[in-house]
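**Q** First, the structure itself, so that you have it in front of you.
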Amino acid sequence: MATLSQTPSAERPHIVLLGRRNVGKSSLINALAGQRVALVSEVPGTTTDPVSKAMEIAPIGPVVLVDTAGLDDEGYLGGLRVDRTKQVLATADLGLLVLEAGQSLGPHEEEALALLRQFEVPVIAVVNKIDLGDPSSLVAELERRGVPVYLVSSITGQGIVELRQSLHRHLVTEQGPPLVADLIEAKDLVVLVVPLDLGAPKGRLILPQVQVLRECLDQEAVAVVVKETELTLALQSLRRKPKLVVTDSQVVMKVAADVPSDIRLTTFSILYARYKGDLPTFVRGLKAVESLRPGDKILIAEACTHHPSPDDIGRVKIPNWLRARVGGDLRIEMAVGKDFPADLQSYRLVVHCGGCMVTRKTVRSRLRQVAEAGVPVVNYGVLISYLHGVLPRALEPFPEALAEWESLPLRKRPVEGVRNS
């Protein structure tokens, strides 16, 4: 079980290993980690679905290495495994194309290089098993394509230290804006409204709440954490006005009513919309909500795989609110965890979660996919604040997103029934 001191996987660079069966991807992971963390076998196809390993690699630090099925996996199930391999490229910050000495570049490697370019993933080639064959012709082929090449033997350890030291030079992570660090200063007072989330493990806060609290502490701000039922008492007890109030989206209407209008207010999910994705894009997607009609098809994408509660926000509340908005039934489909449809054109709208359990690269890749399909997309927090009629206030700390909202036509009133849900 992860401890509180461990870096969440969603905040670690993801390095994806690609290659044919039995070129030594799993052995390479073990060599990089300096311990046996991946199953190794001489039987081709031992690795089936992508397997993620969170670990520390000097000098990078915390990373996730993703071991994938062979690009040349055979049969119907083999094809499905290769499709899963392609899917994880959306999460990759760096691709390692693993080959073996004596091999030539073939159609599988060419396809892998094309996919890495498509997903804008930097790539290096690792020629493994140099203790067993001559890598010179393969190196020449890769260098002609401008792909950096490293020669290693996972068995003898030759070249592994040099590969480890080089990874951080090639690793390109997408750096987004902070959560709140640019909204507050030292000694500012920040109030975090934190309902006890039934979906969180007992005794813990959910990740966005923890991360916002940590940024407040890093900024040397004064953070006050309170449940929504004690917010009014907390505000009355404070000797000075908070610089910012951040609340869970599901109680945003109550909190907006309790917090004076001269105090800036936003939600954890809106902060995450900016941190992991693109806040103006999510706001722009609200135009599609205005034009929804009964029978329209909507995709709700939830990147985590928590156990659904009876009033689950993605499976129950948001669908019900949208049905109330359009005055009829909608065709709602769920994409959970790493699943995300390749064909999006049949959807009128994509509603994406905050993305706290996936990397920024994953969310941005999905935004690129929906843009290419011409489908509008909104984030949970943006949509909820909009349906509750408090979005302009929740966007006030973000001028670019607020300007996007003010440019949208046809803004309707909150739906009836949302206030009491």
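Identifiers in this document derive from the order of the structure tokens: chains are assigned A, B, ..., residues are numbered from 1 separately in each chain, and ligands are numbered from 1 in order of occurrence.
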List the neighbours of Ala303 of chain A out to 12 Å using only C-alpha atoms; skip same-chain residues closer than 4 positions along the sequence, and give me the result as a count of residues only.

**A** 25

**Q** Which residues of segment 162-242 of chain A come within 12 Å of segment 57-73 of chain A, and for each one, what is the closest pair of atoms and their distance in Å to one decimal, counting only C-alpha atoms, sorted by chain and residue number, as a tab-separated table?

**A**
residue	atom	partner	partner_atom	distance
A:Glu162	CA	A:Pro59	CA	11.0
A:Leu163	CA	A:Ala58	CA	10.6
A:Arg164	CA	A:Ala58	CA	6.9
A:Gln165	CA	A:Pro59	CA	6.3
A:Ser166	CA	A:Pro59	CA	9.0
A:Leu167	CA	A:Ile60	CA	7.4
A:His168	CA	A:Ile60	CA	5.6
A:Arg169	CA	A:Ile60	CA	9.2
A:His170	CA	A:Ile60	CA	10.8
A:Leu171	CA	A:Ile60	CA	9.0
A:Val172	CA	A:Ile60	CA	11.6
A:Thr173	CA	A:Val63	CA	11.2

**Q** Just checking: using only C-alpha atoms, which residue out of A:Arg20, A:Lys317, A:Lys129, A:Arg12 ends up closest to Ser153 of chain A?

**A** A:Lys129

**Q** To one decimal place in Å, what is the distance between atom CA of Pro397 of chain A and atom CA of Leu244 of chain A?

**A**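 Separating atom CA of Pro397 of chain A from atom CA of Leu244 of chain A is a distance of 9.0 Å.
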
**Q** For the strand (DSSP E or B) assignment from backbone DSSP, which residues of segment 107-239 of chain A qualify? Please present them as an MDAnalysis selection string.

**A** chainID A and resid 123:128 149:151 189:193 222:226

**Q** By how many Å are atom CA of Leu367 of chain A and atom CA of Lys86 of chain A apart?

**A**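 If I compute the distance from atom CA of Leu367 of chain A to atom CA of Lys86 of chain A, I get 16.9 Å.
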
**Q** Grab the atom CA of Thr267 of chain A to atom CA of Ala324 of chain A distance for me, in Å with one decimal place.

**A** 22.9 Å

**Q** Excluding segment 290-294 of chain A and any residue of its chain fewer than 2 positions from it, enumerate the residues within 9 Å of it, using only C-alpha atoms, and give them as a count of residues only.

**A** 19

**Q** Run DSSP on the backbone and grab whatever in segment 81-302 of chain A lands in alpha helix (DSSP H); send it over as a VMD selection string.

**A** chain A and resid 81 to 88 107 to 118 136 to 144 160 to 170 207 to 218 231 to 237 252 to 258 268 to 276 279 to 284 286 to 290

**Q** Atoms to include: C-alpha atoms. Write the selected residues as a short mmCIF file (atom, residue, chain, number, x, y, z; two decimals), in the first residue's frame.

**A**
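Everything below was put into out.cif:
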data_model
loop_
_atom_site.label_atom_id
_atom_site.label_comp_id
_atom_site.auth_asym_id
_atom_site.auth_seq_id
_atom_site.Cartn_x
_atom_site.Cartn_y
_atom_site.Cartn_z
CA ARG A 81 -3.04 -6.57 -26.37
CA VAL A 82 -1.34 -4.50 -29.05
CA ASP A 83 -4.33 -2.13 -29.00
CA ARG A 84 -3.85 -1.74 -25.23
CA THR A 85 -0.20 -0.96 -25.86
CA LYS A 86 -1.19 1.81 -28.25
CA GLN A 87 -3.62 3.14 -25.66
CA VAL A 88 -0.93 3.67 -23.02
CA PRO A 107 7.10 -2.89 -39.85
CA HIS A 108 6.38 -3.25 -36.11
CA GLU A 109 9.13 -0.82 -35.17
CA GLU A 110 8.13 1.57 -37.96
CA GLU A 111 4.56 1.56 -36.67
CA ALA A 112 5.78 2.16 -33.12
CA LEU A 113 7.87 5.14 -34.21
CA ALA A 114 4.90 6.55 -36.15
CA LEU A 115 2.62 6.20 -33.11
CA LEU A 116 5.16 7.88 -30.85
CA ARG A 117 5.31 10.80 -33.30
CA GLN A 118 1.50 10.91 -33.43
CA SER A 136 26.21 -2.24 -35.62
CA SER A 137 23.78 -2.50 -38.57
CA LEU A 138 20.79 -1.81 -36.33
CA VAL A 139 22.50 1.22 -34.81
CA ALA A 140 23.18 2.58 -38.29
CA GLU A 141 19.49 2.16 -39.27
CA LEU A 142 18.30 4.00 -36.14
CA GLU A 143 20.80 6.80 -36.46
CA ARG A 144 19.69 7.39 -40.06
CA ILE A 160 22.65 0.16 -17.86
CA VAL A 161 24.27 2.90 -15.75
CA GLU A 162 24.77 5.07 -18.85
CA LEU A 163 21.12 4.48 -19.88
CA ARG A 164 19.84 5.45 -16.44
CA GLN A 165 21.88 8.65 -16.47
CA SER A 166 20.63 9.57 -19.95
CA LEU A 167 16.92 9.10 -19.30
CA HIS A 168 16.44 12.43 -17.57
CA ARG A 169 18.03 14.25 -20.54
CA HIS A 170 15.42 12.81 -22.91
CA LEU A 207 -5.63 13.76 -3.64
CA PRO A 208 -6.68 17.24 -4.91
CA GLN A 209 -7.43 18.36 -1.36
CA VAL A 210 -4.06 17.13 -0.13
CA GLN A 211 -2.18 18.76 -3.00
CA VAL A 212 -3.89 22.13 -2.60
CA LEU A 213 -3.18 22.06 1.12
CA ARG A 214 0.48 21.26 0.43
CA GLU A 215 0.79 24.16 -2.05
CA CYS A 216 -0.69 26.51 0.54
CA LEU A 217 1.91 25.37 3.06
CA ASP A 218 4.71 25.66 0.48
CA LEU A 231 -17.93 26.98 7.24
CA THR A 232 -20.06 29.83 8.57
CA LEU A 233 -18.69 29.34 12.08
CA ALA A 234 -15.15 29.26 10.74
CA LEU A 235 -15.59 32.49 8.76
CA GLN A 236 -17.07 34.21 11.81
CA SER A 237 -14.15 33.05 13.94
CA VAL A 252 -20.41 24.71 -4.21
CA MET A 253 -23.91 26.23 -4.08
CA LYS A 254 -24.08 26.16 -0.27
CA VAL A 255 -20.52 27.46 0.02
CA ALA A 256 -21.18 30.26 -2.50
CA ALA A 257 -24.16 31.34 -0.42
CA ASP A 258 -22.12 31.29 2.82
CA PHE A 268 -10.89 21.84 -6.37
CA SER A 269 -12.12 20.44 -9.68
CA ILE A 270 -11.82 23.79 -11.46
CA LEU A 271 -8.27 24.09 -10.12
CA TYR A 272 -7.62 20.63 -11.55
CA ALA A 273 -9.20 21.59 -14.87
CA ARG A 274 -6.43 24.17 -15.19
CA TYR A 275 -3.68 22.04 -13.62
CA LYS A 276 -4.23 18.89 -15.67
CA LEU A 279 -9.67 25.48 -18.38
CA PRO A 280 -10.84 27.74 -21.27
CA THR A 281 -11.42 24.63 -23.43
CA PHE A 282 -13.63 23.09 -20.73
CA VAL A 283 -15.57 26.36 -20.37
CA ARG A 284 -16.03 26.55 -24.15
CA LEU A 286 -20.54 24.45 -22.12
CA LYS A 287 -21.94 25.81 -25.36
CA ALA A 288 -22.80 22.20 -26.27
CA VAL A 289 -24.63 21.75 -22.97
CA GLU A 290 -26.93 24.59 -23.97
#

**Q** Which of these residues is nearest to Ile300 of chain A, using only C-alpha atoms: A:Val350, A:Glu100, A:Thr266, A:Leu383?

**A**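 Going through A:Val350, A:Glu100, A:Thr266, A:Leu383 one by one, the smallest distance to Ile300 of chain A is for A:Val350.
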
**Q** Using only C-alpha atoms, which residue out of A:Lys187, A:Arg21, A:His388, A:Arg393 lies closest to Ile263 of chain A?

**A** A:Arg393
